[in-house]
Every structure is written in structure tokens, then in C-alpha cells.
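S.K.: Take this structure first; my questions come after.
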Amino acid sequence: MRLFQVGAGSGGMVVLDLLMRESCVTHVTLIDPDIYKAHNGIRHYFPPSAIGRTKVELAAEWCGERRADFIVESLAIDLLDPNHQAELEAAVQACDVGICAVDSEPAKYHFDLLMRRAAKPWTMGEVLSGGIGGWVHRFIPEQACYGCVASHLQRSIVTDNSPPPDYSNPDGMVAETTIPASKASIDAIASLHALLTLDMLEGTAHDFTSLLWTLKRVPGMFDEAFRPYRFRIVRRPDCLICRPPTVNPVQEDLDVALNQALSRLADQ
Amino acid sequence: MSLLTTEEGKRRLLTVEIPAIETYNKDRLPEYKIVVERIGSALLLRYRLKPGHNIYQLETRLLSSYPTIPPETRVTTPLRHCPHLLEGQTMCLWRQGSTRATSRWDPSKYTVVFAVQATWRWLACYEIWHETGEWPLPEAK
């Protein structure tokens, strides 16, 4: 089985470490442009001597030291880099399951796009600020996309009743509202992420899209620690991210149509 | 998704955003229509709004990462410094994870016309604040 993983940070590395120990998993394409820095050390596997090297290079070494037959194709590139999209699309096409372990919203939406184009299933893990819990999402082709899931969860779940810090917003644009999570909480959610990815590789079905697992009791938000909440989120027919295109012109026609439309709107 | 260079971005513009702008412009007085200009990898929308007594000139910018990243709107008409106004007279309109649906940009549901409507609401609040000293909507959370 072959993985396509984006993110070799403190969570992504745990997911990769757990999955590469399974004999059915033989290959990963690992994407992360980041350099390992001193502040990463407290939540990462790598030693201080690794500072300054790329995370994907270190991840490949980590896997190689534990399993010689496990193939890591490491790409120290940005998922959103337009110059590498063909390479990324080929890697996605070749994979069995995608693993999204990134924080940024544009990267999550782009990961979703790559997976939908190739009709591949994928999973995503998110640790809430302060390590009070986390999400693992499962995405199946033709079912809810990341846009459907993000929209549904923001609409229906009360996550920020209390004043800042905003626990609901681990990757929020407001830096001061984020609180670092402990390595224990990151590992707990990443382990669930790995388990659900393994289930996906084995073809085990679940009746939920998103699993929220609480790790701490937070008054007004989580009544209990260590409690699972399962959400079955259906694909929205009117979702502007995944609804089928209403027109289907070829690329050249698309450019012509867009230029014409923009010319019309420039002449108002 | 890069708005003007990827197939998905172009499709989003052609099938979602541009039809929404054209519907907004239909039967509207010419001076209140949205005009769109391509600036590098971004699109700039110029328009006027009159929420109450005054007319305001506005610019809404769709960056290449739109719609994942919400549109940025700036008032080019000089304003008094007021709550929810950022540097360069950029409006504070969106807050990720907000419990108020209209303060939360949702790329799966909203078009740029929703941002224009949110701008109208912001300006209506500004006019009330200008007269009373109080922002009429509670702080977005």
C-alpha cells in the first residue's frame, strides 16, 4: 500500500511512524517544505543535531533506520507551489490513501482538491489549541469534501463560548489565541489518525465522517474528558467547493470565456 | 487553488463568482455596479454603496488564494477612525471560527457578493456609530 502524506510536523511524524510499522504499508510520498528548527525539538522525534535539515529528509532517515524495505519519496516542497503541481498530481494518482497533517486552511483545501481530482480517500487530523482534544476526519470519494465538513462543523458545534483563548481555532489567523498542545495530546490524536487511516487501507467502513475526541474537560465546551463524538456529514449538493461543474469547457475555452467575462465586468 | 491560473480557480470564477456579480449588477444604476479589474494574480472589485445618507467608494480584492482566504475590503472614502477598521481603512469583516454565521467566511457557501453585502452592513453600523458613538452589533466572537 502506498501513502501520500503532507506534513512531517509533530503530528504528521507520529502518524507516519505508526503506519510505516505495518507491513501492508510499503511506500510513502512525503511532502513538507519545512526545516527542522530548535523550537521543534520539544515535540519531535529528531535530536538537536538535526536542526537545520529538512523534515522530510529526517523523516526518511527515521523510517529507513526502522524498516529498510520501506520506501520514502521525500519532497521538500510547498503543496501549493504551482511549479510542482504535476509532480504532486502524479504522486496522488499513485497512492492508495492520502494523509493530511497540516495546519493551514489553504493547504487543507488544496489537499482536498488533489484527492477529489484523483478520486482517492484520505484522512486528516487536527489537534485543538491547548491539546484539549482533536479531530480525525475521513474523506471518501464522492462524499462530503473538506468544504462540506468545515462548513458543517462551524455551523453546528459550539466551540468558542468562552472568551479568548479560542480553543476551537488551532490554526487561527489570530496568533495570540493559539495555545501549544502537549506532545501527549498531539500523539493521542495522531494515533487515532493513524488507526483510522489503517482502517481505510483495510477497507473497514465507519458510519462517521469526523471523530472528535476530547482529552480535557473544558467548562462550556467539553463536559467530559476522553469522550468521543462522531459526526456523519453528508455532501451538500450546493457546496461551492465540490458540486459538479455546470459548464465543462476545455482549458483553452475556459481562458477565452474568462477573459470575455472579465472584459464585460470591466466595462460597467 | 490559484484563482486566475488553475482550472478550478477559473471554473469558480466562471460558474460561481462572475454570475453572482452579473446578477448583482443587473438592473442596478450604472454608478452602483461592480467593476472588476485584473491586477496581477488578483481581482479587484470597485463599487459604491449607500447604506444610509452617504455614498462610500470601496475596493474588494480577491487574492490568488481566494476563496479559501476571504476577500479583503477597503473603504477608499476617508472615514473617522472607528471600531473594526484596520490599517489602510481595511474592514474587519471575518473571523475564523466565529459563532456568528455572518462573521465567518465560508468558501463552500459564499460568493464575493456576500462580502459586498457584509460590507453594506458594516457601513450601516459605521453610520450609526458615527451618530451615537456605539457600534450597533455586538463584538464578533
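Residues are referred to by chain and number: the chain letter is A, B, ... according to the order shown in the C-alpha cells, the number counts from 1 in that chain, and ligands are numbered separately from 1 in the order shown.
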Could you make a table, as a Markdown table, of the residues of chain A that have an atom within 6 Å of an atom of chain B, each with its nearest atom pair and distance in Å to one decimal, counting only C-alpha atoms, in chain and number order?

M.R.:
| residue | atom | partner | partner_atom | distance |
| --- | --- | --- | --- | --- |
| A:Pro106 | CA | B:Thr68 | CA | 5.6 |
| A:Gly147 | CA | B:Ser108 | CA | 5.3 |
| A:Cys239 | CA | B:Ser108 | CA | 5.0 |
| A:Leu240 | CA | B:Ser108 | CA | 4.6 |
| A:Ile241 | CA | B:Ser108 | CA | 5.2 |
| A:Leu265 | CA | B:Val36 | CA | 5.3 |
| A:Ala266 | CA | B:Val36 | CA | 5.0 |
| A:Gln268 | CA | B:Val35 | CA | 5.8 |

S.K.: Could you take the residues named above and write them with C-alpha atoms, as an mmCIF file, in the first residue's frame?

M.R.:
data_model
loop_
_atom_site.group_PDB
_atom_site.id
_atom_site.type_symbol
_atom_site.label_atom_id
_atom_site.label_comp_id
_atom_site.auth_asym_id
_atom_site.auth_seq_id
_atom_site.Cartn_x
_atom_site.Cartn_y
_atom_site.Cartn_z
ATOM 1 C CA PRO A 106 -5.399 26.839 2.063
ATOM 2 C CA GLY A 147 -15.576 22.396 2.346
ATOM 3 C CA CYS A 239 -21.378 23.151 -1.897
ATOM 4 C CA LEU A 240 -19.404 25.633 -3.975
ATOM 5 C CA ILE A 241 -16.240 23.568 -3.485
ATOM 6 C CA LEU A 265 -17.293 43.399 -15.982
ATOM 7 C CA ALA A 266 -14.500 45.897 -16.619
ATOM 8 C CA GLN A 268 -19.612 48.537 -16.452
#

S.K.: Please return, as a list in words, all residues of region 17-137 of chain B that DSSP assigns to strand (DSSP E or B) on the basis of the backbone.

M.R.: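 So the strand (DSSP E or B) residues in region 17-137 of chain B would be Val35, Val36, Glu37, Arg38, Ile39, Ala42, Leu43, Leu44, Leu45, Arg46, Tyr47, Arg48, Leu49, Tyr56, Gln57, Leu58, Glu59, Thr60, Arg61, Leu62, Glu72, Thr73, Arg74, Val75, Leu85, Leu86, Thr90 and Met91 of chain B.
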
S.K.: Applying 10 Å and only C-alpha atoms, which residues near Arg67 (chain A) remain after dropping the ones on its own chain fewer than 4 positions away? List them as a PyMOL selection string.

M.R.: chain A and resi 20-23+26+61-63+71

S.K.: Excluding Tyr229 (chain A) and any residue of its chain fewer than 2 positions from it, enumerate the residues within 8 Å of it, using only C-alpha atoms, and give them as a list in words.

M.R.: Leu211, Leu212, Trp213, Arg227 and Phe231 of chain A

S.K.: In region 11-225 of chain A, what's helix (DSSP H, G or I) per DSSP? Answer as a PyMOL selection string?

M.R.: chain A and resi 11-20+38-43+48-50+55-66+82-94+105-118+129-131+146-156+175-177+183-202

S.K.: Got a sec: who's within 7 Å of region 54-64 of chain B, counting only C-alpha atoms, leaving out chain neighbours fewer than 5 positions off, as a list in words?

M.R.: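 Selected residues are Ser2, Leu3, Leu4, Ser41, Ala42, Leu43, Leu44, Leu45, Arg46, Tyr47, Arg48, Leu49, Pro71, Glu72, Thr73, Arg74, Val75, Thr76 and Thr77 of chain B.
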
S.K.: Which of these, B:Arg121, B:Pro70, B:Leu29, B:Gly40, has the shortest distance to Trp135 (chain B) once you count only C-alpha atoms?

M.R.: B:Arg121

S.K.: Return the single residue from A:Leu16, A:Met221, A:Val92, A:Leu75 that is closest to Val56 (chain A), with distances computed using only C-alpha atoms.

M.R.: A:Leu75

S.K.: Please provide the set of residues having any atom within 7 Å of Leu30 (chain A), restricted to only C-alpha atoms, with same-chain residues fewer than 3 positions apart removed, written as a list in words.

M.R.: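 Counting only C-alpha atoms, the residues come to Phe4, Gln5, Val6, Val56, Val72, Glu73, Ser74 and Leu75 of chain A.
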
S.K.: For region 44-55 of chain A, work out the shell of residues within 9 Å, counting only C-alpha atoms and skipping chain neighbours fewer than 2 positions away, then give it as a VMD selection string.

M.R.: chain A and resid 7 to 11 13 to 14 32 to 38 40 to 42 57 to 60 62 76 183
